[in-house]
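Student: protein-v9.txt (compact mmCIF, C-alpha atoms) pasted underneath:
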# COMPACT_ATOMS: atom_id res chain seq x y z
CA MET F 1 0.00 0.00 0.00
CA GLU F 2 1.21 3.51 -0.91
CA THR F 3 0.10 6.97 0.20
CA ILE F 4 -0.32 10.14 -1.87
CA ILE F 5 -0.95 13.54 -0.30
CA TYR F 6 -3.14 16.14 -1.95
CA ASN F 7 -4.02 19.79 -1.38
CA VAL F 8 -7.39 21.03 -2.64
CA ALA F 9 -8.33 24.60 -1.67
CA CYS F 10 -5.70 24.60 1.11
CA ASN F 11 -7.21 21.48 2.69
CA ILE F 12 -4.69 18.63 2.91
CA PHE F 13 -5.79 15.00 2.60
CA SER F 14 -4.21 11.64 1.88
CA VAL F 15 -5.19 8.53 -0.04
CA SER F 16 -3.61 5.19 0.82
CA ALA F 17 -4.18 2.33 -1.58
CA ASP F 18 -2.60 -0.34 -3.71
CA GLU F 19 -0.66 1.17 -6.61
CA LYS F 20 -3.18 -0.23 -9.13
CA PHE F 21 -5.87 2.00 -7.59
CA LEU F 22 -3.67 5.08 -7.14
CA ARG F 23 -2.85 4.83 -10.86
CA LEU F 24 -6.51 5.56 -11.62
CA LEU F 25 -6.34 8.97 -9.92
CA THR F 26 -5.04 11.01 -12.87
CA ASN F 27 -7.56 13.81 -12.18
CA TYR F 28 -5.87 14.35 -8.79
CA GLU F 29 -2.35 14.79 -10.22
CA PRO F 30 -2.48 18.63 -10.39
CA PHE F 31 -3.26 18.61 -6.63
CA VAL F 32 -0.39 16.38 -5.41
CA VAL F 33 1.66 18.05 -2.68
CA LYS F 34 5.17 18.10 -4.18
CA GLY F 35 7.97 16.37 -2.32
CA THR F 36 5.70 14.27 -0.12
CA ALA F 37 6.21 10.89 -1.82
CA GLY F 38 6.45 8.16 0.80
CA MET F 39 5.43 10.49 3.64
CA SER F 40 2.42 9.99 5.86
CA ALA F 41 -0.18 12.77 5.89
CA GLU F 42 0.62 13.54 9.53
CA SER F 43 4.30 14.19 8.75
CA VAL F 44 3.59 16.79 6.03
CA GLY F 45 3.46 19.59 8.59
CA GLU F 46 0.01 20.98 8.04
CA LYS F 47 -2.69 19.03 9.81
CA PRO F 48 -4.50 16.86 7.26
CA ALA F 49 -8.26 17.38 7.01
CA PHE F 50 -8.80 13.66 6.42
CA ALA F 51 -7.21 10.38 5.36
CA LEU F 52 -8.80 7.72 3.14
CA GLU F 53 -7.64 4.12 3.00
CA VAL F 54 -8.82 2.05 0.03
CA VAL F 55 -9.02 -1.74 0.28
CA SER F 56 -10.29 -4.43 -2.08
CA GLU F 57 -10.43 -7.24 0.47
CA GLY F 58 -12.44 -7.76 3.62
CA ALA F 59 -16.10 -7.17 4.23
CA ALA F 60 -17.61 -3.81 5.13
CA PRO F 61 -19.41 -3.79 8.49
CA GLU F 62 -23.18 -4.09 8.74
CA TYR F 63 -25.03 -0.81 9.06
CA ALA F 64 -28.47 0.68 9.70
CA GLU F 65 -29.80 2.85 6.86
CA GLU F 66 -30.61 6.50 7.59
CA THR F 67 -31.51 7.87 4.18
CA ARG F 68 -30.61 7.57 0.50
CA GLN F 69 -29.87 10.11 -2.20
CA GLN F 70 -30.39 9.44 -5.89
CA ASP F 71 -29.07 11.47 -8.78
CA GLU F 72 -28.66 10.62 -12.46
CA GLY F 73 -28.36 6.84 -12.13
CA GLN F 74 -26.22 7.02 -9.00
CA GLU F 75 -27.31 6.31 -5.48
CA ILE F 76 -25.73 6.82 -2.07
CA VAL F 77 -27.23 4.92 0.85
CA CYS F 78 -26.26 6.66 4.12
CA GLY F 79 -26.25 4.97 7.49
CA HIS F 80 -24.28 4.14 10.59
CA THR F 81 -22.72 1.09 12.19
CA ALA F 82 -23.56 -0.18 15.67
CA ALA F 83 -20.29 1.44 16.83
CA GLY F 84 -21.51 4.84 15.53
CA ASP F 85 -19.30 5.13 12.45
CA SER F 86 -20.87 6.79 9.40
CA VAL F 87 -21.45 4.61 6.33
CA PHE F 88 -21.87 5.64 2.68
CA ASP F 89 -22.78 2.83 0.29
CA PHE F 90 -22.22 3.85 -3.34
CA PHE F 91 -24.24 2.39 -6.20
CA LEU F 92 -23.83 3.01 -9.91
CA GLY F 93 -26.98 1.88 -11.66
CA LYS F 94 -28.12 -1.06 -9.53
CA SER F 95 -24.64 -2.33 -8.70
CA ARG F 96 -22.68 -1.63 -5.53
CA SER F 97 -19.35 0.03 -6.20
CA GLY F 98 -17.97 0.41 -2.69
CA VAL F 99 -18.76 1.07 0.96
CA LEU F 100 -17.12 3.98 2.81
CA VAL F 101 -16.89 3.83 6.61
CA CYS F 102 -15.92 7.07 8.38
CA SER F 103 -14.87 7.70 11.96
CA ASP F 104 -13.38 10.52 14.03
CA GLY F 105 -15.59 13.29 12.58
CA TYR F 106 -14.99 12.09 8.97
CA ARG F 107 -11.22 12.50 9.43
CA ARG F 108 -10.61 8.77 8.95
CA GLY F 109 -12.21 6.76 6.18
CA LYS F 110 -11.93 3.22 4.89
CA LEU F 111 -13.36 2.33 1.49
CA TYR F 112 -14.20 -1.31 0.78
CA LEU F 113 -14.24 -1.70 -3.01
CA SER F 114 -16.61 -4.25 -4.52
CA GLY F 115 -14.63 -4.65 -7.72
CA TYR F 116 -17.20 -2.77 -9.82
CA ALA F 117 -16.48 0.84 -10.93
CA ASP F 118 -13.56 1.34 -8.52
CA LYS F 119 -12.84 4.88 -9.69
CA PHE F 120 -16.46 5.90 -9.12
CA ALA F 121 -16.31 4.69 -5.50
CA ILE F 122 -12.97 6.40 -4.84
CA ASP F 123 -14.10 9.74 -6.34
CA ASN F 124 -17.37 9.65 -4.41
CA SER F 125 -15.64 8.71 -1.15
CA LEU F 126 -13.20 11.59 -1.48
CA MET F 127 -15.96 14.07 -2.31
CA VAL F 128 -18.04 12.94 0.66
CA MET F 129 -15.11 13.07 3.06
CA TYR F 130 -13.92 16.38 1.66
CA ALA F 131 -17.36 17.99 2.05
CA LEU F 132 -17.92 16.66 5.57
CA ALA F 133 -14.43 16.87 7.10
CA THR F 134 -13.98 20.51 6.00
CA ALA F 135 -17.53 21.75 6.73
CA GLY F 136 -16.40 23.28 10.01
CA SER F 137 -13.51 25.23 8.49
CA GLY F 138 -15.20 27.70 6.14
CA THR F 139 -15.17 25.35 3.17
CA ALA F 140 -18.05 24.43 0.86
CA LEU F 141 -18.00 21.91 -2.00
CA PHE F 142 -20.42 23.31 -4.57
CA HIS F 143 -22.39 21.81 -7.39
CA SER F 144 -21.65 24.55 -9.91
CA ALA F 145 -19.88 25.56 -13.10
CA ILE F 146 -17.28 28.26 -12.56
CA VAL F 147 -15.66 30.62 -15.06
CA SER F 148 -12.86 33.09 -14.38
CA GLN F 149 -12.56 36.43 -16.14
CA ASP F 150 -10.04 39.18 -15.45
CA GLY F 151 -8.89 37.59 -12.19
CA ARG F 152 -12.29 36.89 -10.64
CA GLY F 153 -14.48 33.81 -10.47
CA TYR F 154 -18.16 33.71 -11.41
CA MET F 155 -20.17 30.68 -10.32
CA PHE F 156 -23.32 29.38 -11.99
CA LEU F 157 -25.76 27.40 -9.86
CA GLY F 158 -28.97 25.57 -10.69
CA LYS F 159 -30.73 22.25 -10.55
CA SER F 160 -29.39 19.42 -12.70
CA GLY F 161 -30.35 20.04 -16.31
CA THR F 162 -30.82 23.81 -15.91
CA GLY F 163 -27.87 24.62 -18.16
CA LYS F 164 -24.96 25.57 -15.87
CA SER F 165 -22.39 24.05 -18.23
CA THR F 166 -24.19 25.51 -21.23
CA HIS F 167 -24.12 29.00 -19.73
CA ALA F 168 -20.42 28.61 -18.83
CA ARG F 169 -19.74 27.63 -22.45
CA LEU F 170 -21.56 30.74 -23.67
CA TRP F 171 -19.19 32.84 -21.56
CA LEU F 172 -16.15 31.02 -23.01
CA ARG F 173 -17.41 31.68 -26.53
CA HIS F 174 -18.62 35.26 -26.21
CA ILE F 175 -16.83 36.91 -23.27
CA GLU F 176 -13.23 37.94 -23.85
CA GLY F 177 -10.79 36.42 -21.38
CA ALA F 178 -13.28 33.93 -19.91
CA GLU F 179 -11.78 30.59 -18.88
CA LEU F 180 -13.34 27.47 -17.38
CA VAL F 181 -12.08 26.81 -13.83
CA ASN F 182 -14.29 23.79 -13.11
CA ASP F 183 -17.47 22.43 -14.70
CA ASP F 184 -19.21 20.71 -11.79
CA ASN F 185 -17.61 20.73 -8.31
CA PRO F 186 -15.54 23.76 -7.34
CA VAL F 187 -14.63 24.55 -3.73
CA VAL F 188 -15.35 27.88 -2.04
CA ARG F 189 -13.37 28.93 1.01
CA LEU F 190 -13.74 31.87 3.34
CA GLN F 191 -10.31 33.47 3.68
CA PRO F 192 -9.32 36.52 5.75
CA ASP F 193 -9.51 38.65 2.57
CA GLY F 194 -12.90 37.33 1.42
CA ALA F 195 -14.33 34.31 -0.40
CA TRP F 196 -12.13 32.45 -2.88
CA VAL F 197 -13.10 29.73 -5.32
CA TYR F 198 -10.81 26.85 -6.26
CA GLY F 199 -10.64 24.22 -8.97
CA SER F 200 -10.86 20.61 -7.80
CA PRO F 201 -10.22 17.01 -8.95
CA TRP F 202 -13.97 16.61 -9.47
CA SER F 203 -15.61 18.14 -12.52
CA GLY F 204 -18.51 15.98 -13.62
CA LYS F 205 -18.45 14.84 -17.22
CA THR F 206 -15.96 17.53 -18.30
CA PRO F 207 -12.30 16.76 -17.63
CA CYS F 208 -11.27 20.14 -16.17
CA TYR F 209 -9.05 19.49 -13.14
CA ARG F 210 -7.24 22.79 -12.65
CA ASN F 211 -5.38 23.65 -9.47
CA VAL F 212 -6.20 27.36 -9.58
CA ALA F 213 -7.73 29.90 -7.18
CA VAL F 214 -9.53 33.18 -7.83
CA PRO F 215 -11.42 35.63 -5.62
CA LEU F 216 -15.15 34.99 -5.96
CA GLY F 217 -16.69 37.83 -7.95
CA GLY F 218 -20.31 36.72 -7.94
CA ILE F 219 -22.73 33.80 -7.79
CA VAL F 220 -25.53 33.43 -10.34
CA LEU F 221 -28.50 31.11 -9.85
CA LEU F 222 -29.80 30.05 -13.26
CA SER F 223 -33.27 29.07 -14.30
CA GLN F 224 -34.68 28.51 -17.78
CA ALA F 225 -37.05 31.09 -19.20
CA PRO F 226 -38.30 32.26 -22.62
CA TYR F 227 -36.47 35.59 -22.04
CA ASN F 228 -33.30 36.94 -20.39
CA ARG F 229 -33.61 38.81 -17.10
CA ILE F 230 -31.26 39.22 -14.15
CA THR F 231 -32.18 40.28 -10.62
CA ARG F 232 -30.12 40.71 -7.48
CA LEU F 233 -30.82 38.39 -4.54
CA SER F 234 -29.99 39.47 -1.02
CA GLY F 235 -30.35 38.28 2.55
CA VAL F 236 -32.44 35.15 3.03
CA GLN F 237 -33.09 34.89 -0.74
CA ALA F 238 -29.35 34.75 -1.44
CA TYR F 239 -28.90 32.16 1.31
CA ALA F 240 -31.75 30.07 -0.12
CA ALA F 241 -30.07 30.14 -3.55
CA LEU F 242 -26.81 28.76 -2.13
CA VAL F 243 -27.97 25.95 0.17
CA PRO F 244 -29.26 23.42 -2.43
CA SER F 245 -25.96 23.71 -4.35
CA ILE F 246 -23.70 22.76 -1.45
CA SER F 247 -22.90 19.14 -0.62
CA GLY F 248 -23.48 18.08 2.96
CA LYS F 249 -25.05 15.73 5.43
CA ARG F 250 -27.30 18.20 7.14
CA TRP F 251 -28.80 15.73 9.57
CA ASP F 252 -25.38 15.72 11.26
CA ARG F 253 -25.69 18.81 13.44
CA ALA F 254 -21.95 19.62 13.48
CA VAL F 255 -21.80 19.50 9.67
CA ALA F 256 -25.00 21.57 9.36
CA ASP F 257 -23.66 24.20 11.80
CA GLY F 258 -20.41 24.52 9.83
CA LEU F 259 -22.13 24.78 6.45
CA HIS F 260 -24.67 27.27 7.79
CA ALA F 261 -21.86 29.55 9.03
CA THR F 262 -20.21 29.44 5.59
CA GLU F 263 -23.49 29.92 3.70
CA ASN F 264 -24.50 32.82 5.92
CA ALA F 265 -21.13 34.54 5.42
CA LEU F 266 -21.37 34.03 1.64
CA ALA F 267 -24.98 35.32 1.50
CA MET F 268 -23.88 38.50 3.27
CA GLY F 269 -20.44 38.95 1.68
CA VAL F 270 -20.78 37.83 -1.95
CA LYS F 271 -23.08 39.29 -4.60
CA VAL F 272 -25.74 36.77 -5.61
CA TRP F 273 -28.00 37.04 -8.67
CA HIS F 274 -30.86 35.18 -10.30
CA LEU F 275 -30.58 34.88 -14.08
CA GLU F 276 -33.69 33.72 -15.90
CA CYS F 277 -32.34 32.94 -19.31
CA LEU F 278 -32.31 31.43 -22.74
CA PRO F 279 -29.25 29.43 -23.83
CA ASP F 280 -27.97 32.28 -26.01
CA GLU F 281 -25.25 34.91 -26.42
CA GLU F 282 -27.46 37.70 -25.08
CA ALA F 283 -27.86 35.82 -21.77
CA ALA F 284 -24.09 35.53 -21.35
CA ARG F 285 -23.55 39.22 -22.16
CA LEU F 286 -26.35 40.40 -19.86
CA CYS F 287 -24.99 38.24 -17.05
CA PHE F 288 -21.38 39.29 -17.59
CA GLU F 289 -22.10 43.00 -17.86
CA THR F 290 -24.28 42.98 -14.73
CA VAL F 291 -22.01 40.97 -12.42
CA LYS F 292 -18.81 42.50 -13.80
CA GLY F 293 -20.26 46.00 -13.43
CA GLU F 294 -20.67 45.36 -9.70
CA ASN F 295 -16.97 44.52 -9.36
CA LYS F 296 -15.58 47.71 -10.90
CA MET D 1 -48.60 19.21 19.82
CA LYS D 2 -44.86 19.44 19.28
CA ILE D 3 -42.31 20.63 16.79
CA LYS D 4 -41.36 17.92 14.32
CA LYS D 5 -37.91 16.44 14.62
CA GLY D 6 -35.32 17.81 12.24
CA PHE D 7 -36.53 21.42 12.08
CA VAL D 8 -34.18 24.08 13.40
CA LEU D 9 -34.29 27.84 13.90
CA ARG D 10 -31.22 29.64 12.58
CA GLU D 11 -30.20 33.25 12.14
CA VAL D 12 -29.79 33.97 8.41
CA CYS D 13 -28.55 37.43 7.43
CA GLY D 14 -30.04 38.88 10.62
CA GLU D 15 -33.41 37.16 10.27
CA GLN D 16 -34.86 34.21 12.19
CA VAL D 17 -35.49 31.32 9.80
CA ILE D 18 -36.87 27.79 10.18
CA MET D 19 -35.28 25.12 7.99
CA GLY D 20 -35.51 21.36 7.63
CA GLU D 21 -32.17 19.68 8.31
CA GLY D 22 -32.77 16.41 10.10
CA LEU D 23 -33.75 13.02 8.72
CA GLY D 24 -37.43 13.23 7.80
CA ALA D 25 -37.21 17.01 7.30
CA LEU D 26 -34.73 16.99 4.41
CA ASP D 27 -37.50 17.29 1.80
CA PHE D 28 -38.98 20.44 3.39
CA GLY D 29 -37.22 22.43 0.67
CA LYS D 30 -38.13 25.89 1.92
CA LEU D 31 -37.15 28.51 4.45
CA LEU D 32 -39.75 29.93 6.83
CA CYS D 33 -38.98 33.43 8.10
CA LEU D 34 -40.25 34.22 11.59
CA ASN D 35 -40.79 37.63 13.15
CA GLU D 36 -39.41 38.33 16.63
CA THR D 37 -42.53 37.10 18.45
CA ALA D 38 -42.82 33.93 16.38
CA ALA D 39 -39.11 33.14 16.93
CA TRP D 40 -39.55 33.65 20.67
CA LEU D 41 -42.57 31.32 20.65
CA TRP D 42 -40.66 28.73 18.62
CA ASN D 43 -37.93 28.62 21.24
CA ARG D 44 -40.53 28.27 24.03
CA ALA D 45 -42.19 25.43 22.09
CA VAL D 46 -38.82 23.69 21.63
CA ASP D 47 -38.05 24.04 25.35
CA ALA D 48 -41.51 22.76 26.31
CA GLY D 49 -41.40 19.71 24.03
CA GLU D 50 -45.17 19.20 24.14
CA PHE D 51 -46.98 22.54 23.81
CA SER D 52 -50.45 24.05 23.34
CA VAL D 53 -51.77 27.37 22.02
CA ASP D 54 -53.04 28.22 25.52
CA GLY D 55 -49.69 27.42 27.12
CA LEU D 56 -47.76 29.53 24.62
CA ALA D 57 -50.28 32.39 24.94
CA GLU D 58 -49.78 32.38 28.70
CA ALA D 59 -46.01 32.46 28.29
CA LEU D 60 -46.34 35.32 25.79
CA CYS D 61 -48.36 37.35 28.31
CA GLY D 62 -45.61 36.84 30.87
CA GLU D 63 -42.94 38.14 28.49
CA TYR D 64 -44.65 40.88 26.50
CA ASP D 65 -47.12 43.59 27.48
CA VAL D 66 -50.12 42.11 25.71
CA SER D 67 -53.68 41.21 26.74
CA ALA D 68 -54.60 37.55 27.23
CA GLU D 69 -57.12 37.78 24.42
CA GLN D 70 -54.63 39.35 21.99
CA ALA D 71 -51.91 36.85 22.95
CA ARG D 72 -54.22 33.93 22.25
CA THR D 73 -55.23 35.36 18.85
CA ASP D 74 -51.59 35.97 17.88
CA VAL D 75 -50.35 32.58 19.05
CA ALA D 76 -53.23 30.77 17.33
CA ALA D 77 -52.40 32.52 14.03
CA ILE D 78 -48.68 31.67 14.29
CA VAL D 79 -49.29 28.04 15.25
CA ALA D 80 -51.85 27.71 12.42
CA GLU D 81 -49.13 28.85 10.02
CA TRP D 82 -46.73 26.22 11.42
CA GLN D 83 -49.41 23.55 10.97
CA LYS D 84 -50.08 24.72 7.41
CA VAL D 85 -46.42 24.34 6.36
CA GLY D 86 -46.06 21.12 8.36
CA VAL D 87 -43.38 21.85 10.94
CA VAL D 88 -45.47 20.75 13.92
CA GLU D 89 -47.32 17.53 14.67
Take the structure from the file and write it as structure tokens.
Tutor:
Amino acid sequence: METIIYNVACNIFSVSADEKFLRLLTNYEPFVVKGTAGMSAESVGEKPAFALEVVSEGAAPEYAEETRQQDEGQEIVCGHTAAGDSVFDFFLGKSRSGVLVCSDGYRRGKLYLSGYADKFAIDNSLMVMYALATAGSGTALFHSAIVSQDGRGYMFLGKSGTGKSTHARLWLRHIEGAELVNDDNPVVRLQPDGAWVYGSPWSGKTPCYRNVAVPLGGIVLLSQAPYNRITRLSGVQAYAALVPSISGKRWDRAVADGLHATENALAMGVKVWHLECLPDEEAARLCFETVKGENK
Amino acid sequence: MKIKKGFVLREVCGEQVIMGEGLGALDFGKLLCLNETAAWLWNRAVDAGEFSVDGLAEALCGEYDVSAEQARTDVAAIVAEWQKVGVVE
């Protein structure tokens, strides 16, 4: 078994696994902490947020189901063991891919691979642990497409199928200097100088794994409409726009408290908009000119 | 009656807001803004566990300068709203 240490949005974590599994993690390569080969996460200096161990032998413990979440042919069954450890059972289609067992406030995780869709189980385990282990430290893993332009990041939120990726692509095509930072799962962190948004090793169907950081310039909630119109959201409305786009396990009070603190700070400190739009150039220009105008 | 498990009162951008966070409340999918009186009553209801309109109205009279009749009318309206959105049982 070997260990690789990663840094995503200034949160350190480690993955320990057989080399044949580590070889699958090409999307994590831009996030490897240089000069840490062969080191344990604890010896890197900075305190690791969490450590995941991946095994392909041994049986996962029995657990009691709490709830399940389904999305686009994937399912996560959440539960807990008799000893109180948190369990996440990952299914792709109808087949089990792996079972993640977390202890110590999600700082320690062990993933039991089933032999089916190993990469899927590893990616999901790391996203779950990342979201939960960092919830108390001003970090939020978003479901969002994020574009940078002139040194600032602009995030697009919306339900699956709303057109986040499509709108990001319209910016890339029609807005000078626009670049894709991440297409599906960027990380936002509260820093002393404001909110920053970071690329991550997770980006949905688009391979865009960039280790970059930009100050967050604005957040835009998208919805489909037969016209283009943008309105500013503030206070509770802004908060309500953010919450459904942030990964979490809100029935764990400590996680919910941490995410709430981050969401509340973002709702008060970052400009949030609602764009009702068509999938066209005019929507991208209206959005860009409005949010960019606020940052001058 | 009592407040359903999984609903919490949080301060959001300076306002008092009810949200569904616990198992069984995850599908609530909305935020319910409370005024100062309603938030105060919510906290009394949480503390009491089992509560009634009359009990809350009495508590309200003890805290605020309001007639018993007015307190009962106000509490009944607030609790009716909670029943309508389904945060009490």
Student: To one decimal place, how far is CA of Ile76 in chain F from CA of Tyr106 in chain F in Å?
Tutor: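 Calculated distance between CA of Ile76 in chain F and CA of Tyr106 in chain F is 16.3 Å.
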Student: Please provide the set of residues having any atom within 10 Å of Ala76 in chain D, restricted to all atoms listed in the file, with same-chain residues fewer than 2 positions apart removed, written as JSON, numbers by chain.
Tutor: {"D": [52, 53, 54, 56, 57, 70, 71, 72, 73, 74, 78, 79, 80, 81, 82]}
Student: Residues at most 7 Å from range 7-23 of chain D, counting all atoms listed in the file, excluding those fewer than 5 positions away in the same chain, as a PyMOL selection string?
Tutor: (chain F and resi 235-236+250-251+264+268) or (chain D and resi 28+30-35+39+87)
Student: With C-alpha atoms retained, export the selected residues as a compact mmCIF listing (two decimals), keeping the file's coordinate frame.
Tutor:
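That gives us again-v4.txt:
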# COMPACT_ATOMS: atom_id res chain seq x y z
CA GLY F 235 -30.35 38.28 2.55
CA VAL F 236 -32.44 35.15 3.03
CA ARG F 250 -27.30 18.20 7.14
CA TRP F 251 -28.80 15.73 9.57
CA ASN F 264 -24.50 32.82 5.92
CA MET F 268 -23.88 38.50 3.27
CA PHE D 28 -38.98 20.44 3.39
CA LYS D 30 -38.13 25.89 1.92
CA LEU D 31 -37.15 28.51 4.45
CA LEU D 32 -39.75 29.93 6.83
CA CYS D 33 -38.98 33.43 8.10
CA LEU D 34 -40.25 34.22 11.59
CA ASN D 35 -40.79 37.63 13.15
CA ALA D 39 -39.11 33.14 16.93
CA VAL D 87 -43.38 21.85 10.94
Student: Between CA of Tyr209 in chain F and CA of Thr3 in chain F, what is the spacing in Å?
Tutor: 20.5 Å
Student: Near range 186-200 of chain F, counting only C-alpha atoms, which residues have an atom at most 8 Å away, once you skip same-chain residues fewer than 3 positions from it, shown as a list in words?
Tutor: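 Residues meeting the cut-off are Val8, Ala9, Phe31, Gly138, Thr139, Ala140, Leu141, Phe142, His143, Ser144, Ala145, Ile146, Gly153, Val181, Asn182, Asp183, Ser203, Tyr209, Arg210, Asn211, Val212, Ala213, Val214, Pro215, Leu216, Thr262, Leu266, Gly269 and Val270 of chain F.
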Student: How many Å separate CA of Glu176 in chain F from CA of Pro279 in chain F?
Tutor: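 Between CA of Glu176 in chain F and CA of Pro279 in chain F the gap is 18.1 Å.
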Student: Mind listing as a VMD selection string which residues of chain F are within 12 Å of chain D, counting only C-alpha atoms?
Tutor: chain F and resid 65 to 69 78 to 79 234 to 241 243 to 244 248 to 257 259 to 269
Student: Write out as an MDAnalysis selection string which residues come within 7 Å of Tyr112 in chain F when counting all atoms listed in the file, dropping same-chain ones fewer than 5 positions away.
Tutor: chainID F and resid 54:56 60 98:100
Student: Which one is closest to His80 in chain F: F:Glu282, F:Glu179, F:Glu62, F:Asp150? Count all atoms listed in the file.
Tutor: F:Glu62
Student: List the neighbours of range 159-175 of chain F out to 8 Å using all atoms listed in the file; skip same-chain residues closer than 3 positions along the sequence, and give me the result as a list in words.
Tutor: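 Counting only the stated atoms, we get Ser144, Ala145, Ile146, Val147, Phe156, Ala178, Glu179, Leu180, Asp183, Asp184, Leu222, Ser223, Gln224, Ser245, Pro279, Asp280, Glu281, Ala284, Arg285 and Phe288 of chain F.
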